Structure formats: C-alpha cells, structure tokens
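Visitor: So that you have it, the file is input.txt, and it contains compact mmCIF, C-alpha atoms:
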```
# COMPACT_ATOMS: atom_id res chain seq x y z
CA MET A 1 17.03 24.96 -68.34
CA SER A 2 13.32 24.29 -68.21
CA LEU A 3 13.94 20.59 -68.89
CA GLN A 4 16.36 20.37 -65.95
CA ASN A 5 13.80 22.00 -63.68
CA ASN A 6 11.15 19.53 -64.78
CA LEU A 7 13.49 16.60 -64.16
CA HIS A 8 14.31 17.95 -60.70
CA GLU A 9 10.61 18.26 -59.84
CA VAL A 10 9.97 14.71 -61.05
CA LYS A 11 12.82 13.39 -58.89
CA GLU A 12 11.44 15.21 -55.83
CA LYS A 13 7.96 13.77 -56.41
CA LEU A 14 9.38 10.28 -56.87
CA ALA A 15 11.39 10.67 -53.65
CA LYS A 16 8.31 11.82 -51.76
CA ASP A 17 6.24 8.92 -53.14
CA GLN A 18 9.01 6.53 -52.19
CA ASN A 19 9.03 7.89 -48.64
CA LEU A 20 5.27 7.58 -48.40
CA LEU A 21 5.41 3.97 -49.57
CA PHE A 22 8.21 3.23 -47.12
CA ASN A 23 6.27 4.77 -44.23
CA ALA A 24 3.13 2.90 -45.24
CA PHE A 25 5.11 -0.34 -45.32
CA ARG A 26 6.55 0.35 -41.87
CA LEU A 27 3.07 1.14 -40.53
CA GLU A 28 1.65 -2.04 -42.01
CA SER A 29 4.51 -4.08 -40.54
CA PHE A 30 3.96 -2.47 -37.14
CA TYR A 31 0.22 -3.20 -37.35
CA ARG A 32 0.76 -6.86 -38.29
CA LYS A 33 3.29 -7.29 -35.50
CA TYR A 34 1.26 -5.63 -32.74
CA LYS A 35 -2.35 -5.88 -33.96
CA ILE A 36 -3.38 -8.16 -31.07
CA TRP A 37 -2.06 -5.67 -28.53
CA ILE A 38 -3.69 -2.81 -30.40
CA PHE A 39 -7.07 -4.57 -30.21
CA ILE A 40 -6.51 -5.31 -26.52
CA LEU A 41 -5.70 -1.65 -25.83
CA ILE A 42 -8.82 -0.51 -27.70
CA ALA A 43 -10.92 -3.02 -25.75
CA ILE A 44 -9.46 -1.79 -22.45
CA LEU A 45 -10.20 1.83 -23.33
CA ILE A 46 -13.78 0.96 -24.28
CA ALA A 47 -14.21 -1.06 -21.06
CA LEU A 48 -12.82 1.77 -18.93
CA GLY A 49 -15.08 4.29 -20.64
CA SER A 50 -18.10 2.06 -20.03
CA TYR A 51 -17.08 1.43 -16.41
CA TYR A 52 -16.73 5.11 -15.54
CA GLY A 53 -19.90 5.92 -17.44
CA ILE A 54 -21.81 3.36 -15.37
CA LEU A 55 -20.24 4.66 -12.13
CA TYR A 56 -21.28 8.21 -13.00
CA TYR A 57 -24.82 7.07 -13.75
CA LEU A 58 -25.05 5.08 -10.50
CA ASP A 59 -23.70 8.03 -8.48
CA PHE A 60 -26.24 10.30 -10.14
CA ARG A 61 -29.07 7.87 -9.35
CA LYS A 62 -27.80 7.57 -5.77
CA GLN A 63 -27.76 11.34 -5.37
CA GLN A 64 -31.28 11.67 -6.77
CA GLU A 65 -32.62 8.94 -4.48
CA SER A 66 -30.89 10.48 -1.47
CA GLU A 67 -32.35 13.91 -2.18
CA ASN A 68 -35.84 12.45 -2.56
CA ILE A 69 -35.50 10.62 0.77
CA ILE A 70 -34.18 13.71 2.57
CA ASN A 71 -37.12 15.76 1.25
CA LYS A 72 -39.50 13.15 2.66
CA LEU A 73 -37.75 13.16 6.04
CA TYR A 74 -38.13 16.93 6.34
CA ASP A 75 -41.90 16.55 6.05
CA LYS A 76 -43.21 17.45 9.52
CA ASN A 77 -46.41 15.49 8.96
CA LEU A 78 -44.55 12.21 8.45
CA ALA A 79 -45.69 9.45 10.83
CA ALA A 80 -43.11 8.03 13.24
CA GLU A 81 -43.18 4.53 11.70
CA GLN A 82 -42.83 5.92 8.18
CA ARG A 83 -39.95 8.11 9.31
CA LYS A 84 -38.07 5.11 10.72
CA GLU A 85 -38.57 3.17 7.49
CA ILE A 86 -37.36 6.07 5.34
CA GLU A 87 -34.38 6.70 7.65
CA GLN A 88 -33.41 3.05 7.24
CA GLN A 89 -33.60 3.44 3.45
CA LEU A 90 -31.26 6.45 3.64
CA HIS A 91 -28.90 4.51 5.91
CA ILE A 92 -28.62 1.77 3.29
CA ILE A 93 -28.42 4.00 0.20
CA ASN A 94 -26.19 6.76 1.58
CA PRO A 95 -24.77 6.19 5.10
CA ILE A 96 -22.81 9.47 5.13
CA LEU A 97 -25.87 11.55 4.29
CA TYR A 98 -27.73 9.55 6.93
CA ASP A 99 -25.12 10.58 9.53
CA PHE A 100 -25.38 14.19 8.36
CA TYR A 101 -29.18 14.10 8.70
CA ARG A 102 -29.01 12.64 12.22
CA TYR A 103 -26.36 15.11 13.36
CA THR A 104 -28.23 18.18 12.08
CA SER A 105 -31.49 16.86 13.57
CA LEU A 106 -29.86 16.75 17.01
CA GLN A 107 -28.92 20.43 16.76
CA HIS A 108 -32.56 21.41 17.26
CA PHE A 109 -32.44 20.06 20.83
CA SER A 110 -31.49 22.01 23.93
CA ILE A 111 -28.38 21.19 25.98
CA LEU A 112 -30.48 19.28 28.51
CA GLU A 113 -32.19 17.24 25.79
CA LEU A 114 -28.85 16.46 24.14
CA LYS A 115 -27.56 15.09 27.44
CA LYS A 116 -30.25 12.42 27.47
CA GLU A 117 -28.86 8.91 27.11
CA GLU A 118 -30.59 8.19 23.78
CA ASN A 119 -29.20 11.33 22.17
CA LEU A 120 -25.70 10.73 23.52
CA GLN A 121 -25.92 7.23 22.06
CA ILE A 122 -26.79 8.69 18.65
CA LEU A 123 -23.75 10.97 18.87
CA LYS A 124 -21.55 7.99 19.73
CA GLU A 125 -22.82 6.20 16.62
CA ILE A 126 -22.21 9.26 14.43
CA MET A 127 -18.64 9.41 15.81
CA GLN A 128 -17.99 6.32 13.66
CA SER A 129 -19.09 8.09 10.45
CA GLN A 130 -17.13 7.43 7.28
CA ASN A 131 -16.95 11.20 6.84
CA SER A 132 -14.13 12.52 9.04
CA LEU A 133 -15.67 15.97 9.54
CA ILE A 134 -19.08 14.64 10.59
CA ALA A 135 -17.31 12.23 12.94
CA ALA A 136 -15.26 15.12 14.37
CA LEU A 137 -18.33 17.28 14.98
CA ALA A 138 -20.09 14.43 16.76
CA THR A 139 -16.97 13.62 18.81
CA TYR A 140 -16.55 17.25 19.84
CA GLN A 141 -20.17 17.59 20.88
CA TYR A 142 -20.19 14.29 22.76
CA ALA A 143 -16.99 15.22 24.62
CA THR A 144 -18.43 18.65 25.44
CA LEU A 145 -21.70 17.29 26.76
CA THR A 146 -20.07 14.55 28.85
CA GLN A 147 -17.07 16.73 29.81
CA ASP A 148 -14.74 13.92 28.78
CA ILE A 149 -11.45 15.67 29.51
CA SER A 150 -9.29 13.05 27.77
CA MET A 151 -11.37 13.15 24.60
CA LEU A 152 -11.25 16.95 24.55
CA GLU A 153 -7.51 17.10 25.21
CA HIS A 154 -6.62 14.62 22.46
CA PHE A 155 -9.16 15.85 19.92
CA ASP A 156 -8.06 15.15 16.31
CA SER A 157 -7.31 18.49 14.61
CA LYS A 158 -7.19 17.20 11.01
CA PRO A 159 -10.86 17.77 10.12
CA SER A 160 -11.06 21.22 11.75
CA ASN A 161 -8.56 23.38 13.68
CA VAL A 162 -11.49 25.46 14.94
CA LEU A 163 -13.01 22.47 16.72
CA ARG A 164 -9.59 21.43 17.99
CA ASP A 165 -9.02 24.84 19.63
CA ARG A 166 -12.46 24.75 21.23
CA ALA A 167 -11.91 21.22 22.52
CA VAL A 168 -8.48 22.04 23.94
CA PHE A 169 -9.84 25.18 25.60
CA GLN A 170 -12.56 23.18 27.32
CA ALA A 171 -10.02 20.59 28.47
CA ALA A 172 -7.88 23.41 29.93
CA TYR A 173 -10.97 24.86 31.62
CA LEU A 174 -11.72 21.51 33.23
CA TYR A 175 -8.10 21.14 34.38
CA MET A 176 -8.37 24.60 35.96
CA GLN A 177 -11.46 23.45 37.85
CA GLN A 178 -9.44 20.46 39.08
CA ASN A 179 -6.64 22.81 40.19
CA ASP A 180 -4.18 21.33 37.70
CA ILE A 181 -2.91 24.75 36.63
CA LYS A 182 0.27 23.49 34.96
CA LYS A 183 -1.59 21.13 32.63
CA ALA A 184 -4.15 23.82 31.84
CA GLN A 185 -1.41 26.31 30.95
CA GLU A 186 0.24 23.79 28.60
CA LEU A 187 -3.01 23.30 26.71
CA LEU A 188 -3.80 27.01 26.57
CA ASP A 189 -0.34 27.75 25.17
CA SER A 190 -1.08 25.39 22.28
CA ILE A 191 -3.99 27.59 21.11
CA GLN A 192 -2.55 29.97 18.55
CA PRO A 193 -4.37 32.92 16.92
CA ARG A 194 -6.07 32.16 13.60
CA ASP A 195 -8.49 34.04 11.39
CA ASN A 196 -11.41 31.87 12.51
CA ASN A 197 -10.71 31.35 16.24
CA GLN A 198 -10.39 34.89 17.59
CA TYR A 199 -13.11 34.37 20.23
CA ILE A 200 -11.58 31.17 21.59
CA TYR A 201 -8.08 32.66 21.50
CA ARG A 202 -9.36 35.64 23.52
CA LEU A 203 -10.93 33.30 26.09
CA ALA A 204 -7.74 31.24 26.23
CA THR A 205 -5.71 34.38 26.91
CA LEU A 206 -8.08 35.44 29.68
CA LEU A 207 -8.06 31.99 31.25
CA ARG A 208 -4.26 31.86 31.09
CA HIS A 209 -3.82 35.19 32.88
CA TYR A 210 -6.89 35.66 35.07
CA GLY A 211 -8.26 32.18 35.75
CA ILE A 212 -11.81 30.89 35.65
CA THR A 213 -13.72 33.77 37.27
CA GLN A 214 -12.75 36.52 34.81
CA THR A 215 -13.15 34.17 31.86
CA ASP A 216 -16.66 33.23 32.97
CA ASN A 217 -17.58 36.91 33.20
CA VAL A 218 -16.62 37.43 29.55
CA ALA A 219 -18.06 34.19 28.23
CA THR A 220 -21.32 34.46 30.17
CA GLN A 221 -22.64 37.86 29.21
CA LYS A 222 -25.90 36.17 28.19
CA ASP A 223 -25.58 32.66 29.62
CA SER A 224 -23.74 31.26 32.66
CA ASP A 225 -22.86 27.94 30.97
CA ILE A 226 -19.62 28.24 29.00
CA SER A 227 -20.39 24.98 27.19
CA HIS A 228 -23.32 26.70 25.52
CA HIS A 229 -20.97 29.19 23.85
CA LEU A 230 -18.58 26.47 22.81
CA LYS A 231 -21.26 24.28 21.23
CA PRO A 232 -21.28 24.72 17.43
CA SER A 233 -24.52 26.21 16.22
CA SER A 234 -26.41 24.65 13.31
CA ALA A 235 -25.11 27.41 11.07
CA GLU A 236 -21.50 26.78 12.12
CA ALA A 237 -21.90 23.05 11.67
CA ASN A 238 -23.33 23.52 8.19
CA VAL A 239 -20.47 25.83 7.20
CA LEU A 240 -17.95 23.23 8.37
CA LEU A 241 -19.78 20.43 6.63
CA GLU A 242 -19.85 22.35 3.35
CA LYS A 243 -16.08 21.84 3.21
CA THR A 244 -16.61 18.17 2.48
CA THR A 245 -16.62 17.40 -1.22
CA ASN A 246 -19.87 15.95 -2.59
CA LEU A 247 -21.11 14.99 0.84
CA GLY A 248 -23.87 12.82 -0.56
CA ASN A 249 -21.50 10.69 -2.61
CA GLN A 250 -18.31 10.71 -0.57
CA THR A 251 -17.06 7.36 0.67
CA GLU A 252 -13.87 7.69 2.55
```
Rewrite the structure of this file - the entire thing - as structure tokens.
Guide:
Amino acid sequence: MSLQNNLHEVKEKLAKDQNLLFNAFRLESFYRKYKIWIFILIAILIALGSYYGILYYLDFRKQQESENIINKLYDKNLAAEQRKEIEQQLHIINPILYDFYRYTSLQHFSILELKKEENLQILKEIMQSQNSLIAALATYQYATLTQDISMLEHFDSKPSNVLRDRAVFQAAYLYMQQNDIKKAQELLDSIQPRDNNQYIYRLATLLRHYGITQTDNVATQKDSDISHHLKPSSAEANVLLEKTTNLGNQTE
C-alpha cells in the first residue's frame, strides 16, 4: 500500500514538472514571437513616464516662478518701470495668472476710476482670458460699468450662475428704465431662486411687482447707485476664482 502511494506521488510530481516545462516552452515561444513588440511596449512606457515626469517638473518650475513674480508685484515700493517689466514676465510665463493679477488689481479702484477709458480697456483685454471664469468676471464688470444691455442680457451662465442672475437683473432694470416692461418681465422671470442668489432674487421679485422706485429703496439703503451693489467685491471675486482648478497652471 505504501509503495502504491509513493508511485502515485511520483506520478503527480512528474505531471506537475511536465506542466511547468510545457508552460515554460509556451512562454519562451511567445517571447520569441513577440519580443520586438514587447521591447517597443517597454520603450513606450518608459518614454511616457519620462514625458509626464518632465511635464510635472516644468509645471512645478512654472508655478514657483509665477509665485515669485507675484510676490514682487505686491511690493508697494516697486518702481513703475520695474513693475511693467515684471508684469511682462508674468504675462509670458503664466498668462492666466497675469489676467488674475490685473483683474484683482482693478478691484481696488472706485466705480468712477473703473469707468476711465484705460481701465475699461484693461477689462476688455481680460475678457479674452483663457480662463473662462476670469473672462466672465471681466465681461460682467465691463457690461455693468458701460451699461451694455445686450452684453448683460446674453451673459454666458456657464462659468457662474450667480453672475448670470446679476447680469440679467441689470438688463431687466435697464429695460424698465426704457419703458420696455414686457422685455424686463421676461428677463426677471428667468431668475430662479438658488442658495447663492437670494439677494438678487429678492430684488428681481420687487422689480417685477413694484417697479424701479421700490426696488431702488431696498437696494439703496446705503448707496443710491444700484450698480455698486451688483459689482462683485474683491472677496466675492476671489471666492469665485477659487473654483478654478490650479489657476496658476490651467490652460484651457
């Protein structure tokens, strides 16, 4: 009985060894048949790894350079000529961050200063930004300052529904001033309540039911210019801009 068991074990080992040899032979045949493609695949993987590694390094260097330039630009003691040179460097290295810097710099000006031709021209340039949200903020502010009713009415809502509601409200307000009540009502009806537009929705409701006078009384508790209340503050603009992913490196 013991001899039969030993023979059975030997047969099992021989069968296993035979299978191993067969699998090794198949693997060797596969390697010989496809070895060129295997080497090509390995080379591609190495190249891709190197490529993405270099991209990551360049992005990191770009971010570091951009941060250094921004820190220099925020130096109040920087001479005007130096500032222009450094701004040009930022424009070349990181055009989106350059647009962001110019937009936020404008927010320190008053309404009257923003309406100056040179500042409106800067806003028009920022409207072409590669970053859709920065472009939307600049477009909204330009349309508000110039009271461009068409631009306000057809404001692109993709980057921010908050800005869209504000723009549409202002367009409706301007139509009311022109006595085009029907058009104003259509625009006001398109403003729906959201978590982040309660103030504008309230003004839209007042304007829809009571007209300009009552709405001005609510909106002008501290200031008689409704545009002032509808202009995004620096804090609001920064919150909106934080929604962009890796602003310094984004290239849409």
Visitor: Find, counting all atoms listed in the file, the residue in A:Arg166, A:Ser105, A:Phe39, A:Ser132 that gets nearest to Ile70 (chain A).
Guide: A:Ser105
Visitor: Nearest to Glu67 (chain A): which of A:Gln82, A:Asn94, A:Ser190, A:Gln198 is it, counting only C-alpha atoms?
Guide: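 The closest residue to Glu67 (chain A) is A:Asn94.
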Visitor: Leaving out Glu153 (chain A) and any residue of its chain fewer than 4 positions from it, which residues lie within 8 Å of it when counting all atoms listed in the file, given as a list in words?
Guide: Ile149, Ala167, Val168, Ala171, Ala172 and Leu187 of chain A
Visitor: Considering only C-alpha atoms, tabulate each residue of region 96-195 of chain A that lies at most 12 Å from region 84-92 of chain A along with its nearest interatomic pair and the corresponding distance in Å to one decimal; arrange the rows by chain and ascending residue number and present them as JSON lines.
Guide:
```
{"residue": "A:Ile96", "atom": "CA", "partner": "A:His91", "partner_atom": "CA", "distance": 7.9}
{"residue": "A:Leu97", "atom": "CA", "partner": "A:Leu90", "partner_atom": "CA", "distance": 7.4}
{"residue": "A:Tyr98", "atom": "CA", "partner": "A:His91", "partner_atom": "CA", "distance": 5.3}
{"residue": "A:Asp99", "atom": "CA", "partner": "A:His91", "partner_atom": "CA", "distance": 8.0}
{"residue": "A:Phe100", "atom": "CA", "partner": "A:His91", "partner_atom": "CA", "distance": 10.6}
{"residue": "A:Tyr101", "atom": "CA", "partner": "A:Glu87", "partner_atom": "CA", "distance": 9.1}
{"residue": "A:Arg102", "atom": "CA", "partner": "A:Glu87", "partner_atom": "CA", "distance": 9.2}
{"residue": "A:Ile126", "atom": "CA", "partner": "A:His91", "partner_atom": "CA", "distance": 11.8}
{"residue": "A:Ser129", "atom": "CA", "partner": "A:His91", "partner_atom": "CA", "distance": 11.4}
```
Visitor: Please, could you write that set of residues out with C-alpha atoms as a short mmCIF file (atom, residue, chain, number, x, y, z; two decimals), keeping the file's coordinate frame?
Guide:
```cif
data_model
loop_
_atom_site.label_atom_id
_atom_site.label_comp_id
_atom_site.auth_asym_id
_atom_site.auth_seq_id
_atom_site.Cartn_x
_atom_site.Cartn_y
_atom_site.Cartn_z
CA ILE A 96 -22.81 9.47 5.13
CA LEU A 97 -25.87 11.55 4.29
CA TYR A 98 -27.73 9.55 6.93
CA ASP A 99 -25.12 10.58 9.53
CA PHE A 100 -25.38 14.19 8.36
CA TYR A 101 -29.18 14.10 8.70
CA ARG A 102 -29.01 12.64 12.22
CA ILE A 126 -22.21 9.26 14.43
CA SER A 129 -19.09 8.09 10.45
#
```
Visitor: Mind giving me the axis-aligned box for region 51-55 of chain A with 8 Å on every side, centre plus edges in Å to one decimal, as JSON?
Guide:
```
{"center_x": -19.3, "center_y": 3.7, "center_z": -14.8, "size_x": 21.1, "size_y": 20.5, "size_z": 21.3}
```
Visitor: Using CA of Leu133 (chain A) and CA of Lys158 (chain A) as the two end points, give the distance in Å to one decimal.
Guide: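 Here the two named atoms are 8.7 Å from each other.
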Visitor: Go ahead and compute the interatomic distance for CA of Ser160 (chain A) and CA of Thr139 (chain A), in Å to one decimal.
Guide: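 We find that CA of Ser160 (chain A) and CA of Thr139 (chain A) lie 11.9 Å from each other.
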Visitor: Got a sec: who's within 8 Å of Tyr140 (chain A), counting all atoms listed in the file, leaving out chain neighbours fewer than 3 positions off, as a PyMOL selection string?
Guide: chain A and resi 136-137+143-144+152+155+163+167
